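S.K.: You'll find input.cif just under this line, and it carries mmCIF, C-alpha atoms.
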data_run
#
loop_
_atom_site.label_atom_id
_atom_site.label_comp_id
_atom_site.auth_asym_id
_atom_site.auth_seq_id
_atom_site.Cartn_x
_atom_site.Cartn_y
_atom_site.Cartn_z
CA MET A 1 0.00 0.00 0.00
CA PHE A 2 2.87 2.38 0.79
CA GLU A 3 4.32 2.00 -2.75
CA GLN A 4 0.91 2.84 -4.17
CA ILE A 5 0.71 5.98 -2.01
CA GLU A 6 4.21 6.97 -3.17
CA GLN A 7 3.11 6.59 -6.80
CA HIS A 8 0.12 8.87 -6.16
CA ALA A 9 2.43 11.44 -4.55
CA LYS A 10 4.88 11.71 -7.46
CA GLY A 11 4.70 15.14 -9.06
CA ASN A 12 2.12 16.40 -6.55
CA THR A 13 3.73 18.88 -4.13
CA LEU A 14 0.87 18.64 -1.65
CA SER A 15 1.02 14.83 -1.57
CA ASN A 16 4.83 14.87 -1.28
CA SER A 17 4.71 17.18 1.74
CA LEU A 18 2.00 15.05 3.37
CA LEU A 19 3.99 11.89 2.75
CA LYS A 20 7.07 13.36 4.47
CA ARG A 21 4.91 13.87 7.58
CA ASN A 22 3.50 10.30 7.36
CA LEU A 23 0.14 11.60 6.13
CA THR A 24 -1.61 10.67 2.89
CA LEU A 25 -3.99 12.40 0.55
CA ALA A 26 -7.05 10.21 0.04
CA TYR A 27 -9.34 12.66 -1.77
CA SER A 28 -8.84 15.99 -3.46
CA THR A 29 -11.08 18.70 -4.85
CA THR A 30 -9.63 20.86 -7.61
CA TYR A 31 -11.13 24.21 -8.61
CA SER A 32 -10.28 25.33 -12.15
CA TYR A 33 -10.59 28.99 -13.05
CA ASP A 34 -10.80 30.66 -16.44
CA SER A 35 -8.68 33.65 -17.52
CA LYS A 36 -11.09 36.07 -15.77
CA GLY A 37 -10.86 34.25 -12.42
CA ARG A 38 -14.31 32.62 -12.63
CA ILE A 39 -14.80 29.00 -11.51
CA GLU A 40 -14.94 26.90 -14.65
CA GLN A 41 -15.11 23.44 -13.10
CA ILE A 42 -14.84 21.56 -9.83
CA VAL A 43 -13.23 18.12 -10.03
CA GLU A 44 -12.94 15.52 -7.29
CA ALA A 45 -10.34 12.74 -7.30
CA ASP A 46 -10.37 9.58 -5.22
CA LEU A 47 -6.74 8.71 -4.51
CA SER A 48 -7.53 5.89 -2.09
CA LYS A 49 -8.20 3.30 -4.78
CA GLU A 50 -5.95 1.67 -7.34
CA LEU A 51 -4.17 3.48 -10.16
CA PRO A 52 -5.08 5.26 -12.34
CA VAL A 53 -6.69 7.87 -10.14
CA ASN A 54 -10.38 8.35 -10.92
CA SER A 55 -11.32 12.01 -11.35
CA THR A 56 -14.90 13.16 -11.67
CA ALA A 57 -16.13 16.62 -12.61
CA ARG A 58 -18.75 17.74 -10.06
CA HIS A 59 -19.79 21.13 -11.42
CA CYS A 60 -19.07 22.93 -14.68
CA ASN A 61 -19.86 26.54 -15.55
CA ARG A 62 -19.95 28.56 -18.77
CA TYR A 63 -20.19 32.35 -18.81
CA ASP A 64 -21.22 35.01 -21.30
CA ASP A 65 -19.26 38.19 -22.07
CA ARG A 66 -20.95 39.93 -19.09
CA ASP A 67 -19.75 37.32 -16.57
CA ARG A 68 -23.20 35.74 -16.17
CA VAL A 69 -23.46 31.97 -15.84
CA ILE A 70 -25.18 30.71 -18.99
CA LEU A 71 -24.66 26.99 -18.36
CA TRP A 72 -24.23 25.02 -15.13
CA VAL A 73 -23.72 21.26 -15.41
CA ASN A 74 -23.61 18.49 -12.82
CA PRO A 75 -22.00 15.78 -15.02
CA GLU A 76 -22.97 12.81 -12.88
CA TYR A 77 -23.31 10.53 -15.93
CA SER A 78 -20.60 11.84 -18.28
CA LYS A 79 -18.10 12.58 -15.45
CA LYS A 80 -16.56 15.49 -17.40
CA CYS A 81 -17.39 19.04 -18.43
CA PRO A 82 -19.01 19.22 -21.86
CA LYS A 83 -17.23 21.01 -24.71
CA GLY A 84 -20.49 21.43 -26.66
CA GLU A 85 -24.03 20.53 -25.65
CA PRO A 86 -24.40 18.77 -22.26
CA SER A 87 -25.45 15.14 -22.13
CA PRO A 88 -29.21 14.54 -21.78
CA ARG A 89 -28.27 12.06 -19.03
CA ASP A 90 -26.63 14.80 -16.89
CA GLU A 91 -28.39 17.45 -14.82
CA TRP A 92 -27.87 20.99 -16.14
CA ARG A 93 -29.28 24.50 -16.14
CA GLU A 94 -29.12 26.86 -19.07
CA PHE A 95 -29.75 30.60 -18.79
CA ARG A 96 -30.53 33.09 -21.58
CA PHE A 97 -30.42 36.86 -21.14
CA ALA A 98 -31.36 39.90 -23.25
CA SER A 99 -31.62 43.63 -22.99
CA ILE A 100 -35.17 45.06 -23.17
CA GLU A 101 -35.46 48.84 -23.29
CA GLY A 102 -32.00 49.13 -21.71
CA LYS A 103 -32.83 46.73 -18.87
CA GLU A 104 -31.17 43.31 -18.57
CA VAL A 105 -33.72 40.50 -18.25
CA GLU A 106 -33.54 36.73 -18.01
CA LEU A 107 -35.33 35.28 -21.03
CA ARG A 108 -35.11 31.69 -19.90
CA SER A 109 -33.96 29.43 -17.13
CA ARG A 110 -34.05 25.86 -18.42
CA TRP A 111 -33.50 23.13 -15.82
CA HIS A 112 -32.83 19.69 -17.33
CA ILE A 113 -33.33 16.78 -14.91
CA PRO A 114 -32.49 13.23 -16.07
CA LYS A 115 -34.81 10.39 -15.08
CA GLY A 116 -33.11 7.07 -15.71
CA ILE A 117 -31.29 6.12 -18.90
CA SER A 118 -33.52 7.53 -21.64
CA ARG A 119 -35.98 9.83 -19.90
CA TRP A 120 -35.75 13.39 -18.63
CA ARG A 121 -37.91 16.32 -17.64
CA GLU A 122 -37.35 20.07 -17.86
CA GLU A 123 -38.69 23.13 -16.16
CA TRP A 124 -38.53 26.40 -18.05
CA SER A 125 -39.01 29.10 -15.47
CA PRO A 126 -39.20 31.80 -16.62
CA PHE A 127 -39.24 31.83 -20.38
CA GLN A 128 -39.88 34.72 -22.70
CA ILE A 129 -40.34 34.27 -26.45
CA ASP A 130 -38.11 37.17 -27.50
CA SER A 131 -36.63 40.45 -26.28
CA THR A 132 -39.51 42.76 -27.27
CA PRO A 133 -41.33 44.60 -24.42
CA ASN A 134 -44.71 42.85 -24.93
CA SER A 135 -43.32 39.38 -25.61
CA VAL A 136 -45.22 36.34 -24.35
CA GLU A 137 -43.73 35.09 -21.10
CA GLY A 138 -44.46 32.42 -18.52
CA ASN A 139 -43.28 29.04 -17.27
CA ALA A 140 -43.36 25.58 -18.83
CA LYS A 141 -42.87 21.92 -18.00
CA VAL A 142 -41.46 19.55 -20.62
CA ASN A 143 -40.63 15.84 -20.57
CA SER A 144 -38.96 13.39 -22.93
CA ARG A 145 -42.08 11.32 -23.57
CA GLN A 146 -44.81 13.95 -24.00
CA GLY A 147 -43.00 17.16 -24.94
CA VAL A 148 -44.49 20.33 -23.44
CA THR A 149 -47.01 19.28 -20.79
CA GLU A 150 -47.85 22.61 -19.13
CA ILE A 151 -47.51 26.29 -19.92
CA TYR A 152 -48.52 28.81 -17.31
CA GLY A 153 -48.22 32.57 -17.21
CA SER A 154 -50.83 35.03 -18.42
CA THR A 155 -52.85 31.99 -19.60
CA TYR A 156 -52.70 28.37 -18.44
CA VAL A 157 -52.49 25.49 -20.90
CA ARG A 158 -52.17 21.81 -20.03
#
Would you encode the structure as structure tokens?
M.R.:
Amino acid sequence: MFEQIEQHAKGNTLSNSLLKRNLTLAYSTTYSYDSKGRIEQIVEADLSKELPVNSTARHCNRYDDRDRVILWVNPEYSKKCPKGEPSPRDEWREFRFASIEGKEVELRSRWHIPKGISRWREEWSPFQIDSTPNSVEGNAKVNSRQGVTEIYGSTYVR
């Protein structure tokens, strides 16, 4: 077991210093930041098991040019931060913003919740069709089997 711990410690200054004090690093959480200092991803590694070390992304963020989070992902299924669209089997939230008459508004908050291997549901709260002042707005519920199941706002449709 000690040789295995030494292998984990190679090239890791924190692990090396712990090892010199007869301590070991069993788990680690790494925060990655983008060039603007915003958290891009949080990754956890389990160093207590056999090599290679298993790392799993826990949270991933994407930002727009105004430093607003436009995508948050909990990649429980894929185990890594998506480069493009998130996996339908992971939980994620997508946010859309616009400027209406000089005021910043949230057009949509889309929460994607996986349910098993091939099913999911979503809550769109709020959503607004476009960035015009009198645009239709409300909330919606969507699922993988039926599509849009409820729309509620100024009128209610089921």
S.K.: Report the distance between CA of Ile100 (chain A) and CA of Tyr152 (chain A) in Å, rounded to one decimal place.
M.R.: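 About the pair CA of Ile100 (chain A) and CA of Tyr152 (chain A): they are 21.8 Å apart.
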S.K.: Identify the residues within 6 Å of coordinate (-13.5, 21.2, -12.8) (same frame as the file), considering all atoms listed in the file, and give the answer as a list of chain:residue names.
M.R.: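 Here is the list of nearby residues: A:Tyr31, A:Ser32, A:Gln41, A:Ile42, A:Val43, A:Ala57.
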S.K.: How would the residues just picked look written out with C-alpha atoms as a short mmCIF file (atom, residue, chain, number, x, y, z; two decimals), in the frame of the given file?
M.R.:
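Result file selection_19.cif:
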data_model
loop_
_atom_site.label_atom_id
_atom_site.label_comp_id
_atom_site.auth_asym_id
_atom_site.auth_seq_id
_atom_site.Cartn_x
_atom_site.Cartn_y
_atom_site.Cartn_z
CA TYR A 31 -11.13 24.21 -8.61
CA SER A 32 -10.28 25.33 -12.15
CA GLN A 41 -15.11 23.44 -13.10
CA ILE A 42 -14.84 21.56 -9.83
CA VAL A 43 -13.23 18.12 -10.03
CA ALA A 57 -16.13 16.62 -12.61
#
S.K.: For Pro75 (chain A), please output as number ranges by chain all residues within 8 Å (counting all atoms listed in the file; exclusion window: fewer than 6 positions along the same chain).
M.R.: A: 57-60, 81, 87, 90-92
S.K.: Mind pulling up the distance from CA of Trp111 (chain A) to CA of Glu44 (chain A)?
M.R.: 23.5 Å
S.K.: What does the PyMOL selection byres ((chain A and resi 105) around 12) select in this file, as a PDB file with C-alpha atoms, in the frame of the given file?
M.R.:
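Printed below is part11.pdb as written:
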ATOM      1  CA  ARG A  68     -23.200  35.740 -16.170  1.00  0.00           C
ATOM      2  CA  PHE A  95     -29.750  30.600 -18.790  1.00  0.00           C
ATOM      3  CA  ARG A  96     -30.530  33.090 -21.580  1.00  0.00           C
ATOM      4  CA  PHE A  97     -30.420  36.860 -21.140  1.00  0.00           C
ATOM      5  CA  ALA A  98     -31.360  39.900 -23.250  1.00  0.00           C
ATOM      6  CA  SER A  99     -31.620  43.630 -22.990  1.00  0.00           C
ATOM      7  CA  ILE A 100     -35.170  45.060 -23.170  1.00  0.00           C
ATOM      8  CA  GLU A 101     -35.460  48.840 -23.290  1.00  0.00           C
ATOM      9  CA  GLY A 102     -32.000  49.130 -21.710  1.00  0.00           C
ATOM     10  CA  LYS A 103     -32.830  46.730 -18.870  1.00  0.00           C
ATOM     11  CA  GLU A 104     -31.170  43.310 -18.570  1.00  0.00           C
ATOM     12  CA  GLU A 106     -33.540  36.730 -18.010  1.00  0.00           C
ATOM     13  CA  LEU A 107     -35.330  35.280 -21.030  1.00  0.00           C
ATOM     14  CA  ARG A 108     -35.110  31.690 -19.900  1.00  0.00           C
ATOM     15  CA  SER A 109     -33.960  29.430 -17.130  1.00  0.00           C
ATOM     16  CA  PRO A 126     -39.200  31.800 -16.620  1.00  0.00           C
ATOM     17  CA  PHE A 127     -39.240  31.830 -20.380  1.00  0.00           C
ATOM     18  CA  GLN A 128     -39.880  34.720 -22.700  1.00  0.00           C
ATOM     19  CA  ASP A 130     -38.110  37.170 -27.500  1.00  0.00           C
ATOM     20  CA  SER A 131     -36.630  40.450 -26.280  1.00  0.00           C
ATOM     21  CA  THR A 132     -39.510  42.760 -27.270  1.00  0.00           C
ATOM     22  CA  PRO A 133     -41.330  44.600 -24.420  1.00  0.00           C
ATOM     23  CA  GLU A 137     -43.730  35.090 -21.100  1.00  0.00           C
TER      24      GLU A 137
END
S.K.: Which distance in Å separates CA of Lys141 (chain A) and CA of Asp67 (chain A), to one decimal?
M.R.: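 Taking CA of Lys141 (chain A) as the start and CA of Asp67 (chain A) as the end point, the length is 27.8 Å.
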